$ cat run32.pdb   # PDB, C-alpha atoms and all ligand atoms
ATOM      1  CA  MET A  28       0.000   0.000   0.000
ATOM      2  CA  GLU A  29       1.400   3.364  -0.981
ATOM      3  CA  VAL A  30       1.348   6.039   1.718
ATOM      4  CA  VAL A  31       0.967   9.658   0.589
ATOM      5  CA  LYS A  32       2.367  12.020   3.225
ATOM      6  CA  ILE A  33       0.172  15.067   2.838
ATOM      7  CA  ARG A  34       2.033  18.355   3.343
ATOM      8  CA  PRO A  35       1.793  20.738   5.083
ATOM      9  CA  ARG A  36       0.483  18.898   8.116
ATOM     10  CA  GLY A  37       1.026  18.797  11.881
ATOM     11  CA  TYR A  38       2.326  21.398  14.306
ATOM     12  CA  CYS A  39       1.603  25.021  13.434
ATOM     13  CA  HIS A  40       3.714  27.958  14.626
ATOM     14  CA  GLY A  41       1.247  28.705  17.457
ATOM     15  CA  VAL A  42       1.593  25.228  18.916
ATOM     16  CA  VAL A  43       5.382  25.160  18.526
ATOM     17  CA  GLU A  44       5.631  28.475  20.398
ATOM     18  CA  ALA A  45       3.199  27.400  23.139
ATOM     19  CA  ILE A  46       5.066  24.141  23.779
ATOM     20  CA  ARG A  47       8.401  25.974  23.870
ATOM     21  CA  ALA A  48       7.017  28.537  26.368
ATOM     22  CA  LEU A  49       5.621  25.855  28.681
ATOM     23  CA  ARG A  50       8.775  23.722  28.532
ATOM     24  CA  GLN A  51      10.955  26.753  29.363
ATOM     25  CA  THR A  52       8.619  27.684  32.227
ATOM     26  CA  ALA A  53       8.655  24.168  33.710
ATOM     27  CA  GLU A  54      12.450  24.019  33.494
ATOM     28  CA  ALA A  55      12.885  27.517  34.982
ATOM     29  CA  HIS A  56      10.734  26.719  38.049
ATOM     30  CA  PRO A  57      11.746  23.223  39.167
ATOM     31  CA  GLY A  58       9.806  22.108  42.242
ATOM     32  CA  GLU A  59       7.490  25.130  42.102
ATOM     33  CA  PRO A  60       3.814  24.900  41.184
ATOM     34  CA  VAL A  61       3.216  25.429  37.457
ATOM     35  CA  ALA A  62      -0.380  25.153  36.264
ATOM     36  CA  MET A  63      -1.555  24.935  32.688
ATOM     37  CA  LEU A  64      -4.960  26.621  32.375
ATOM     38  CA  GLY A  65      -6.800  24.103  30.197
ATOM     39  CA  HIS A  66      -5.118  21.862  27.653
ATOM     40  CA  LEU A  67      -2.164  23.752  26.146
ATOM     41  CA  VAL A  68      -3.209  22.315  22.833
ATOM     42  CA  HIS A  69      -5.910  19.745  22.320
ATOM     43  CA  ASN A  70      -3.693  16.684  22.316
ATOM     44  CA  GLU A  71      -3.478  14.094  25.089
ATOM     45  CA  HIS A  72       0.139  13.162  24.295
ATOM     46  CA  VAL A  73       1.305  16.746  24.774
ATOM     47  CA  THR A  74      -0.667  16.972  28.040
ATOM     48  CA  ARG A  75       0.953  13.758  29.339
ATOM     49  CA  GLU A  76       4.435  14.958  28.397
ATOM     50  CA  PHE A  77       3.947  18.062  30.525
ATOM     51  CA  ALA A  78       2.474  16.112  33.420
ATOM     52  CA  ASP A  79       5.781  14.223  33.432
ATOM     53  CA  LEU A  80       7.590  17.578  33.762
ATOM     54  CA  GLY A  81       5.475  18.388  36.841
ATOM     55  CA  VAL A  82       3.024  20.740  35.118
ATOM     56  CA  ARG A  83      -0.483  20.473  36.564
ATOM     57  CA  LEU A  84      -3.385  20.557  34.109
ATOM     58  CA  VAL A  85      -6.199  22.663  35.580
ATOM     59  CA  ASP A  86      -9.388  22.274  33.605
ATOM     60  CA  ALA A  87     -12.977  23.312  34.293
ATOM     61  CA  ARG A  88     -16.065  24.474  32.414
ATOM     62  CA  SER A  89     -14.426  27.850  31.769
ATOM     63  CA  ARG A  90     -10.979  29.377  32.105
ATOM     64  CA  LEU A  91     -12.261  31.624  34.934
ATOM     65  CA  GLU A  92     -13.481  28.599  36.898
ATOM     66  CA  ALA A  93     -10.198  26.802  36.221
ATOM     67  CA  LEU A  94      -8.312  29.795  37.569
ATOM     68  CA  ASP A  95     -10.160  29.436  40.899
ATOM     69  CA  LEU A  96      -8.256  26.158  41.314
ATOM     70  CA  VAL A  97      -4.831  27.831  41.103
ATOM     71  CA  GLU A  98      -3.635  29.308  44.377
ATOM     72  CA  SER A  99       0.007  30.177  43.803
ATOM     73  CA  GLY A 100       2.989  29.896  41.504
ATOM     74  CA  THR A 101       2.912  30.191  37.746
ATOM     75  CA  VAL A 102      -0.073  29.876  35.456
ATOM     76  CA  VAL A 103       0.354  29.286  31.737
ATOM     77  CA  LEU A 104      -2.346  30.619  29.395
ATOM     78  CA  THR A 105      -2.839  28.376  26.387
ATOM     79  CA  ALA A 106      -2.540  29.063  22.650
ATOM     80  CA  HIS A 107      -6.345  29.530  22.480
ATOM     81  CA  GLY A 108      -6.199  32.841  24.365
ATOM     82  CA  VAL A 109      -8.264  34.032  27.331
ATOM     83  CA  SER A 110     -10.694  36.835  28.128
ATOM     84  CA  PRO A 111      -9.369  40.025  29.764
ATOM     85  CA  ALA A 112     -11.188  38.980  32.962
ATOM     86  CA  VAL A 113      -9.039  35.839  33.269
ATOM     87  CA  ARG A 114      -5.815  37.768  32.787
ATOM     88  CA  GLU A 115      -6.866  40.420  35.330
ATOM     89  CA  ARG A 116      -7.909  37.865  37.934
ATOM     90  CA  ALA A 117      -4.669  35.901  37.517
ATOM     91  CA  LEU A 118      -2.640  39.062  38.127
ATOM     92  CA  ALA A 119      -4.883  40.089  41.044
ATOM     93  CA  LYS A 120      -4.208  36.671  42.641
ATOM     94  CA  GLY A 121      -0.481  37.431  42.465
ATOM     95  CA  LEU A 122       0.231  34.601  40.019
ATOM     96  CA  ASN A 123       3.176  34.665  37.660
ATOM     97  CA  VAL A 124       1.415  34.691  34.260
ATOM     98  CA  VAL A 125       3.043  33.112  31.203
ATOM     99  CA  ASP A 126       1.008  33.910  28.121
ATOM    100  CA  ALA A 127       1.288  31.339  25.310
ATOM    101  CA  THR A 128      -1.600  32.778  23.272
ATOM    102  CA  CYS A 129      -0.982  32.271  19.549
ATOM    103  CA  THR A 130      -0.231  35.496  17.663
ATOM    104  CA  ASP A 131      -3.081  34.713  15.245
ATOM    105  CA  VAL A 132      -5.543  34.549  18.140
ATOM    106  CA  ILE A 133      -4.131  37.785  19.581
ATOM    107  CA  ARG A 134      -4.821  39.434  16.221
ATOM    108  CA  THR A 135      -8.481  38.310  16.362
ATOM    109  CA  HIS A 136      -8.814  39.736  19.899
ATOM    110  CA  GLU A 137      -7.349  43.037  18.701
ATOM    111  CA  LEU A 138      -9.718  43.140  15.728
ATOM    112  CA  VAL A 139     -12.775  42.446  17.888
ATOM    113  CA  ARG A 140     -11.689  44.987  20.519
ATOM    114  CA  ASP A 141     -11.209  47.617  17.830
ATOM    115  CA  LEU A 142     -14.606  46.915  16.225
ATOM    116  CA  CYS A 143     -16.374  47.060  19.597
ATOM    117  CA  ARG A 144     -14.613  50.321  20.465
ATOM    118  CA  LYS A 145     -15.943  51.768  17.199
ATOM    119  CA  GLY A 146     -19.497  50.793  18.157
ATOM    120  CA  TYR A 147     -19.913  47.672  16.013
ATOM    121  CA  THR A 148     -21.943  44.675  17.030
ATOM    122  CA  VAL A 149     -19.789  41.630  16.243
ATOM    123  CA  VAL A 150     -21.061  38.254  15.088
ATOM    124  CA  TYR A 151     -18.460  35.598  15.897
ATOM    125  CA  ILE A 152     -18.649  32.225  14.135
ATOM    126  CA  GLY A 153     -17.239  29.601  16.481
ATOM    127  CA  ARG A 154     -17.868  26.480  18.504
ATOM    128  CA  ARG A 155     -19.703  26.721  21.830
ATOM    129  CA  GLY A 156     -17.617  25.296  24.648
ATOM    130  CA  HIS A 157     -14.305  25.819  22.829
ATOM    131  CA  PRO A 158     -11.814  28.010  24.732
ATOM    132  CA  GLU A 159     -11.049  30.319  21.811
ATOM    133  CA  PRO A 160     -14.615  31.731  21.519
ATOM    134  CA  GLU A 161     -14.753  31.971  25.321
ATOM    135  CA  GLY A 162     -11.736  34.261  25.281
ATOM    136  CA  VAL A 163     -12.900  36.423  22.363
ATOM    137  CA  LEU A 164     -16.450  36.828  23.689
ATOM    138  CA  GLY A 165     -14.948  37.995  26.963
ATOM    139  CA  GLU A 166     -13.627  41.108  25.186
ATOM    140  CA  ALA A 167     -17.144  42.622  25.134
ATOM    141  CA  PRO A 168     -19.839  40.092  26.091
ATOM    142  CA  ASP A 169     -22.711  42.530  25.420
ATOM    143  CA  GLN A 170     -21.554  43.378  21.899
ATOM    144  CA  ILE A 171     -20.514  39.966  20.560
ATOM    145  CA  HIS A 172     -22.898  37.209  19.429
ATOM    146  CA  LEU A 173     -21.617  33.656  19.029
ATOM    147  CA  VAL A 174     -23.189  31.733  16.133
ATOM    148  CA  GLU A 175     -22.561  28.118  15.120
ATOM    149  CA  SER A 176     -25.109  27.597  12.378
ATOM    150  CA  VAL A 177     -27.399  29.197   9.810
ATOM    151  CA  GLU A 178     -30.246  28.630  12.300
ATOM    152  CA  ASP A 179     -28.383  30.729  14.875
ATOM    153  CA  VAL A 180     -28.160  33.543  12.297
ATOM    154  CA  ASP A 181     -31.941  33.432  11.862
ATOM    155  CA  GLN A 182     -32.375  34.014  15.612
ATOM    156  CA  LEU A 183     -30.055  37.044  15.708
ATOM    157  CA  GLU A 184     -31.470  40.388  16.827
ATOM    158  CA  PRO A 185     -28.427  42.681  16.787
ATOM    159  CA  ALA A 186     -28.574  46.201  18.201
ATOM    160  CA  PRO A 187     -29.024  48.967  15.625
ATOM    161  CA  GLY A 188     -25.723  50.254  14.197
ATOM    162  CA  PRO A 189     -22.763  48.834  12.286
ATOM    163  CA  LEU A 190     -22.359  45.066  12.141
ATOM    164  CA  ALA A 191     -19.293  42.886  11.496
ATOM    165  CA  VAL A 192     -18.649  39.154  11.394
ATOM    166  CA  THR A 193     -15.469  37.295  12.222
ATOM    167  CA  THR A 194     -14.470  33.686  12.831
ATOM    168  CA  GLN A 195     -12.689  31.254  15.123
ATOM    169  CA  THR A 196      -9.205  30.561  13.695
ATOM    170  CA  THR A 197      -9.590  26.782  13.401
ATOM    171  CA  LEU A 198     -12.830  26.447  11.439
ATOM    172  CA  SER A 199     -12.942  25.649   7.743
ATOM    173  CA  MET A 200     -13.816  28.123   5.010
ATOM    174  CA  TRP A 201     -16.506  25.654   3.990
ATOM    175  CA  ASP A 202     -17.917  25.661   7.533
ATOM    176  CA  THR A 203     -18.308  29.378   7.575
ATOM    177  CA  SER A 204     -19.413  30.175   4.010
ATOM    178  CA  ALA A 205     -23.089  29.159   4.403
ATOM    179  CA  ILE A 206     -23.301  31.141   7.654
ATOM    180  CA  ILE A 207     -21.702  34.208   6.077
ATOM    181  CA  ASP A 208     -24.024  33.936   3.042
ATOM    182  CA  ARG A 209     -27.043  33.912   5.360
ATOM    183  CA  LEU A 210     -25.672  36.878   7.315
ATOM    184  CA  ARG A 211     -25.219  38.807   4.044
ATOM    185  CA  GLN A 212     -28.805  38.011   3.046
ATOM    186  CA  ARG A 213     -30.177  39.254   6.358
ATOM    187  CA  PHE A 214     -27.721  42.136   6.860
ATOM    188  CA  PRO A 215     -26.383  43.283   3.441
ATOM    189  CA  GLU A 216     -24.158  45.954   5.045
ATOM    190  CA  ILE A 217     -22.282  43.499   7.283
ATOM    191  CA  GLU A 218     -18.460  43.754   7.270
ATOM    192  CA  VAL A 219     -16.756  40.371   6.859
ATOM    193  CA  HIS A 220     -13.400  39.608   8.527
ATOM    194  CA  ASN A 221     -12.193  36.057   7.896
ATOM    195  CA  GLU A 222      -9.870  35.107  10.756
ATOM    196  CA  ILE A 223      -9.306  31.434   9.908
ATOM    197  CA  CYS A 224      -5.534  31.220  10.363
ATOM    198  CA  LEU A 225      -3.161  30.513   7.492
ATOM    199  CA  ALA A 226      -1.895  27.281   9.083
ATOM    200  CA  THR A 227      -5.445  25.907   9.252
ATOM    201  CA  GLN A 228      -6.266  26.987   5.686
ATOM    202  CA  GLU A 229      -3.057  25.526   4.234
ATOM    203  CA  ARG A 230      -3.559  22.170   5.972
ATOM    204  CA  GLN A 231      -7.180  21.927   4.860
ATOM    205  CA  GLN A 232      -6.380  22.895   1.284
ATOM    206  CA  ALA A 233      -3.524  20.384   1.077
ATOM    207  CA  ALA A 234      -5.749  17.629   2.527
ATOM    208  CA  VAL A 235      -8.501  18.274  -0.037
ATOM    209  CA  GLU A 236      -6.110  18.526  -3.008
ATOM    210  CA  GLN A 237      -3.884  15.575  -2.140
ATOM    211  CA  ALA A 238      -6.791  13.352  -1.034
ATOM    212  CA  ALA A 239      -7.978  13.409  -4.640
ATOM    213  CA  SER A 240      -5.248  10.916  -5.621
ATOM    214  CA  CYS A 241      -5.888   8.645  -2.594
ATOM    215  CA  ASP A 242      -8.480   5.962  -1.850
ATOM    216  CA  LEU A 243      -8.839   7.142   1.724
ATOM    217  CA  VAL A 244      -7.200   9.496   4.223
ATOM    218  CA  VAL A 245      -6.072   8.892   7.801
ATOM    219  CA  VAL A 246      -6.135  12.014   9.982
ATOM    220  CA  VAL A 247      -3.911  11.790  13.059
ATOM    221  CA  GLY A 248      -4.965  13.825  16.074
ATOM    222  CA  SER A 249      -7.178  14.180  19.088
ATOM    223  CA  ALA A 250     -10.979  14.175  18.831
ATOM    224  CA  ARG A 251     -10.902  17.274  21.090
ATOM    225  CA  SER A 252      -8.976  19.281  18.506
ATOM    226  CA  SER A 253     -11.155  21.560  16.399
ATOM    227  CA  ASN A 254      -8.729  21.847  13.477
ATOM    228  CA  THR A 255      -8.243  18.044  13.421
ATOM    229  CA  GLN A 256     -12.005  17.490  13.231
ATOM    230  CA  ARG A 257     -12.205  19.999  10.380
ATOM    231  CA  LEU A 258      -9.559  18.028   8.434
ATOM    232  CA  VAL A 259     -11.726  14.913   8.637
ATOM    233  CA  GLN A 260     -14.717  16.945   7.527
ATOM    234  CA  VAL A 261     -13.083  18.586   4.481
ATOM    235  CA  VAL A 262     -11.679  15.261   3.213
ATOM    236  CA  ARG A 263     -15.121  13.627   3.473
ATOM    237  CA  GLU A 264     -17.218  16.507   2.220
ATOM    238  CA  LEU A 265     -14.974  18.252  -0.309
ATOM    239  CA  ALA A 266     -12.591  15.564  -1.547
ATOM    240  CA  ASN A 267     -15.364  12.979  -1.297
ATOM    241  CA  ARG A 268     -13.016  10.386   0.191
ATOM    242  CA  PRO A 269     -13.395   8.302   3.355
ATOM    243  CA  ALA A 270     -11.453   9.813   6.278
ATOM    244  CA  TYR A 271     -10.651   8.144   9.600
ATOM    245  CA  LEU A 272      -9.468   9.920  12.738
ATOM    246  CA  VAL A 273      -6.847   8.090  14.802
ATOM    247  CA  ASP A 274      -5.165   9.181  18.001
ATOM    248  CA  THR A 275      -2.304   6.684  17.627
ATOM    249  CA  ALA A 276      -1.171   3.877  15.298
ATOM    250  CA  ASP A 277      -3.020   1.406  17.543
ATOM    251  CA  ASP A 278      -6.346   2.868  16.377
ATOM    252  CA  LEU A 279      -5.758   1.776  12.755
ATOM    253  CA  ARG A 280      -8.234  -0.943  11.715
ATOM    254  CA  PRO A 281      -7.136  -3.389   8.964
ATOM    255  CA  GLU A 282     -10.702  -3.589   7.621
ATOM    256  CA  TRP A 283     -10.548   0.091   6.571
ATOM    257  CA  PHE A 284      -7.900  -0.791   3.999
ATOM    258  CA  GLN A 285      -9.670  -3.485   1.972
ATOM    259  CA  GLY A 286      -8.757  -2.883  -1.671
ATOM    260  CA  VAL A 287      -6.971   0.384  -0.791
ATOM    261  CA  ARG A 288      -3.873   1.094  -2.878
ATOM    262  CA  ARG A 289      -3.057   4.678  -1.856
ATOM    263  CA  VAL A 290      -3.692   6.076   1.603
ATOM    264  CA  GLY A 291      -3.141   9.735   2.459
ATOM    265  CA  VAL A 292      -1.943  10.776   5.922
ATOM    266  CA  THR A 293      -2.366  14.198   7.463
ATOM    267  CA  SER A 294      -2.467  15.468  11.051
ATOM    268  CA  GLY A 295      -3.937  18.272  13.102
ATOM    269  CA  ALA A 296      -1.982  21.374  14.070
ATOM    270  CA  SER A 297      -1.566  20.029  17.618
ATOM    271  CA  THR A 298      -0.440  16.481  16.769
ATOM    272  CA  PRO A 299       3.171  15.600  17.701
ATOM    273  CA  SER A 300       5.183  14.596  14.592
ATOM    274  CA  GLN A 301       6.384  11.448  16.361
ATOM    275  CA  ILE A 302       2.818  10.079  16.585
ATOM    276  CA  THR A 303       2.223  10.782  12.882
ATOM    277  CA  ARG A 304       5.522   9.112  11.967
ATOM    278  CA  GLU A 305       4.439   5.995  13.897
ATOM    279  CA  VAL A 306       1.131   5.917  12.011
ATOM    280  CA  ILE A 307       2.964   6.249   8.664
ATOM    281  CA  THR A 308       5.383   3.439   9.560
ATOM    282  CA  ARG A 309       2.527   1.153  10.640
ATOM    283  CA  LEU A 310       0.666   1.846   7.387
ATOM    284  CA  GLU A 311       3.786   1.194   5.307
ATOM    285  CA  GLN A 312       4.208  -2.155   7.050
ATOM    286  CA  MET A 313       0.600  -3.192   6.438
ATOM    287  CA  GLN A 314       0.099  -5.911   3.898
ATOM    288  CA  PRO A 315      -2.480  -5.110   1.241
ATOM    289  CA  VAL A 316      -5.859  -6.570   2.144
ATOM    290  CA  ALA A 317      -7.505  -8.193  -0.848
ATOM    291  CA  VAL A 318     -11.050  -7.245  -1.737
ATOM    292  CA  ALA A 319     -13.349 -10.108  -0.866
ATOM    293  CA  GLY A 320     -14.578 -12.089  -3.871
TER     294      GLY A 320
HETATM  295  S1  LIG B 401      -4.179  26.575  14.600
HETATM  296 FE1  LIG B 401      -3.757  28.681  13.910
HETATM  297  S2  LIG B 401      -4.582  29.970  15.565
HETATM  298 FE2  LIG B 401      -4.431  27.907  16.403
HETATM  299  S3  LIG B 401      -2.417  27.866  17.383
HETATM  300 FE3  LIG B 401      -2.122  27.139  15.277
HETATM  301  S4  LIG B 401      -1.522  28.968  14.080
HETATM  302 FE4  LIG B 401      -2.433  29.642  16.012
END

$ encode --input "run32.pdb" --output "structure tokens"
Amino acid sequence: MEVVKIRPRGYCHGVVEAIRALRQTAEAHPGEPVAMLGHLVHNEHVTREFADLGVRLVDARSRLEALDLVESGTVVLTAHGVSPAVRERALAKGLNVVDATCTDVIRTHELVRDLCRKGYTVVYIGRRGHPEPEGVLGEAPDQIHLVESVEDVDQLEPAPGPLAVTTQTTLSMWDTSAIIDRLRQRFPEIEVHNEICLATQERQQAAVEQAASCDLVVVVGSARSSNTQRLVQVVRELANRPAYLVDTADDLRPEWFQGVRRVGVTSGASTPSQITREVITRLEQMQPVAVAG
């Protein structure tokens, strides 16, 4: 079976920077409490690696609630960013704050802050329960509306005045286009700011293009990772190929590969390269499975 290594794939600059910041912090404060506020990136392997370095994962329904569980020492803010209230409370508690927010997420916060300052109502396309929307909405909760679907757009009753729409960085262009079309129908004057990050766009585009020459695609990553889930979605819906999500090589199922000659492999922006390499090696070692009959 031929394995097509889809590129680009894997770690994005935001994840590389966040991991570097947390590793440096853990090494600089040996024996002192270091807490990671939520998963640094949505990948269990990365979380386990830091647990081994003595970093405590503090997770709760929201970043503010998680912060209540940190009493002293250093707190690391993840690549997804946080609301101003979280940052202020962390400083008020006297914690040493290490901010690993991705520069692309910072740019979205700045955009939303600027729009709100100018009197806009902002529609934000994102996933409920994901930390990135939580942080952005915290910039101006009364002026920002979170929408996930076309149905949510139909329920919107924005305040009179200028209106803008922006997006979570890890969605897909195909996720957002129907929602933006509906917003334009209802509010023709709306200003559109696409904030899907370049790393996400490039990985999705490569997956769709390179899946075309494959019989199926294996996506390596955690089910908690938004950008990983989007990779599965774009391969299935846009490249029209089967796509399977695996966390490790052990999740590969021989029955998926019946009659498969070319398999594409890609991985989410938070998936360690080592895990993807193991999946590729396992696939390369697999014997072709004949089609029954
Ligand atoms: S996926 Fe994009 S926004 Fe998220 S950490 Fe990576 S570069 Fe930053």

$ residues_near_ligand --input "run32.pdb" --ligand "ligand LIG 401 (chain B)" --cutoff "9 Å" --atoms "all atoms listed in the file" --output "PyMOL selection string"
chain A and resi 38-45+68+106-107+128-133+159+195-197+222-228+253-254+295-297

$ write_last_selection --input "run32.pdb" --atoms "C-alpha atoms" --output "JSON list (two decimals), keeping the file's coordinate frame"
[["chain", "number", "residue", "atom", "x", "y", "z"],
["A", 38, "TYR", "CA", 2.33, 21.40, 14.31],
["A", 39, "CYS", "CA", 1.60, 25.02, 13.43],
["A", 40, "HIS", "CA", 3.71, 27.96, 14.63],
["A", 41, "GLY", "CA", 1.25, 28.70, 17.46],
["A", 42, "VAL", "CA", 1.59, 25.23, 18.92],
["A", 43, "VAL", "CA", 5.38, 25.16, 18.53],
["A", 44, "GLU", "CA", 5.63, 28.48, 20.40],
["A", 45, "ALA", "CA", 3.20, 27.40, 23.14],
["A", 68, "VAL", "CA", -3.21, 22.32, 22.83],
["A", 106, "ALA", "CA", -2.54, 29.06, 22.65],
["A", 107, "HIS", "CA", -6.34, 29.53, 22.48],
["A", 128, "THR", "CA", -1.60, 32.78, 23.27],
["A", 129, "CYS", "CA", -0.98, 32.27, 19.55],
["A", 130, "THR", "CA", -0.23, 35.50, 17.66],
["A", 131, "ASP", "CA", -3.08, 34.71, 15.24],
["A", 132, "VAL", "CA", -5.54, 34.55, 18.14],
["A", 133, "ILE", "CA", -4.13, 37.78, 19.58],
["A", 159, "GLU", "CA", -11.05, 30.32, 21.81],
["A", 195, "GLN", "CA", -12.69, 31.25, 15.12],
["A", 196, "THR", "CA", -9.20, 30.56, 13.70],
["A", 197, "THR", "CA", -9.59, 26.78, 13.40],
["A", 222, "GLU", "CA", -9.87, 35.11, 10.76],
["A", 223, "ILE", "CA", -9.31, 31.43, 9.91],
["A", 224, "CYS", "CA", -5.53, 31.22, 10.36],
["A", 225, "LEU", "CA", -3.16, 30.51, 7.49],
["A", 226, "ALA", "CA", -1.90, 27.28, 9.08],
["A", 227, "THR", "CA", -5.44, 25.91, 9.25],
["A", 228, "GLN", "CA", -6.27, 26.99, 5.69],
["A", 253, "SER", "CA", -11.16, 21.56, 16.40],
["A", 254, "ASN", "CA", -8.73, 21.85, 13.48],
["A", 295, "GLY", "CA", -3.94, 18.27, 13.10],
["A", 296, "ALA", "CA", -1.98, 21.37, 14.07],
["A", 297, "SER", "CA", -1.57, 20.03, 17.62]]

$ residues_around --input "run32.pdb" --residues "A:Gln314" --least-positions-apart "6" --cutoff "12 Å" --atoms "only C-alpha atoms" --output "VMD selection string"
chain A and resid 28 to 29 281 to 282 284 to 288

$ residues_near_point --input "run32.pdb" --point "(-2.0, 24.4, 2.4)" --cutoff "12 Å" --atoms "only C-alpha atoms" --output "list in words"
Ile33, Arg34, Pro35, Arg36, Gly37, Cys39, Cys224, Leu225, Ala226, Thr227, Gln228, Glu229, Arg230, Gln231, Gln232, Ala233, Ala234, Val235, Glu236, Gln237, Leu258 and Thr293 of chain A

$ atom_distance --input "run32.pdb" --atom1 "atom CA of A:Val30" --atom2 "atom CA of A:Val290"
5.0 Å

$ closest_residue --input "run32.pdb" --among "A:His72, A:Gly100, A:Arg114, A:His220" --to "A:Val139" --atoms "only C-alpha atoms"
A:His220

$ decode --input "run32.pdb" --residues "stretch 49-64 of chain A" --atoms "N, CA and C atoms" --output "tab-separated table (two decimals), in the first residue's frame"
chain	number	residue	atom	x	y	z
A	49	LEU	N	5.94	26.66	27.50
A	49	LEU	CA	5.62	25.86	28.68
A	49	LEU	C	6.84	25.05	29.14
A	50	ARG	N	7.58	24.51	28.17
A	50	ARG	CA	8.77	23.72	28.53
A	50	ARG	C	9.78	24.61	29.27
A	51	GLN	N	10.01	25.82	28.72
A	51	GLN	CA	10.96	26.75	29.36
A	51	GLN	C	10.49	27.10	30.77
A	52	THR	N	9.17	27.31	30.92
A	52	THR	CA	8.62	27.68	32.23
A	52	THR	C	8.82	26.55	33.23
A	53	ALA	N	8.51	25.32	32.80
A	53	ALA	CA	8.66	24.17	33.71
A	53	ALA	C	10.11	24.01	34.14
A	54	GLU	N	11.03	24.20	33.18
A	54	GLU	CA	12.45	24.02	33.49
A	54	GLU	C	12.99	25.16	34.37
A	55	ALA	N	12.40	26.36	34.21
A	55	ALA	CA	12.88	27.52	34.98
A	55	ALA	C	12.37	27.51	36.42
A	56	HIS	N	11.33	26.72	36.70
A	56	HIS	CA	10.73	26.72	38.05
A	56	HIS	C	10.67	25.30	38.61
A	57	PRO	N	11.81	24.62	38.68
A	57	PRO	CA	11.75	23.22	39.17
A	57	PRO	C	11.23	23.18	40.61
A	58	GLY	N	10.32	22.27	40.88
A	58	GLY	CA	9.81	22.11	42.24
A	58	GLY	C	8.75	23.13	42.63
A	59	GLU	N	8.52	24.13	41.78
A	59	GLU	CA	7.49	25.13	42.10
A	59	GLU	C	6.20	24.78	41.35
A	60	PRO	N	5.06	25.24	41.88
A	60	PRO	CA	3.81	24.90	41.18
A	60	PRO	C	3.68	25.64	39.84
A	61	VAL	N	3.50	24.86	38.78
A	61	VAL	CA	3.22	25.43	37.46
A	61	VAL	C	1.91	24.80	36.99
A	62	ALA	N	0.93	25.66	36.70
A	62	ALA	CA	-0.38	25.15	36.26
A	62	ALA	C	-0.63	25.56	34.82
A	63	MET	N	-1.20	24.65	34.07
A	63	MET	CA	-1.56	24.94	32.69
A	63	MET	C	-3.08	25.12	32.69
A	64	LEU	N	-3.53	26.30	32.29
A	64	LEU	CA	-4.96	26.62	32.37
A	64	LEU	C	-5.70	26.03	31.17
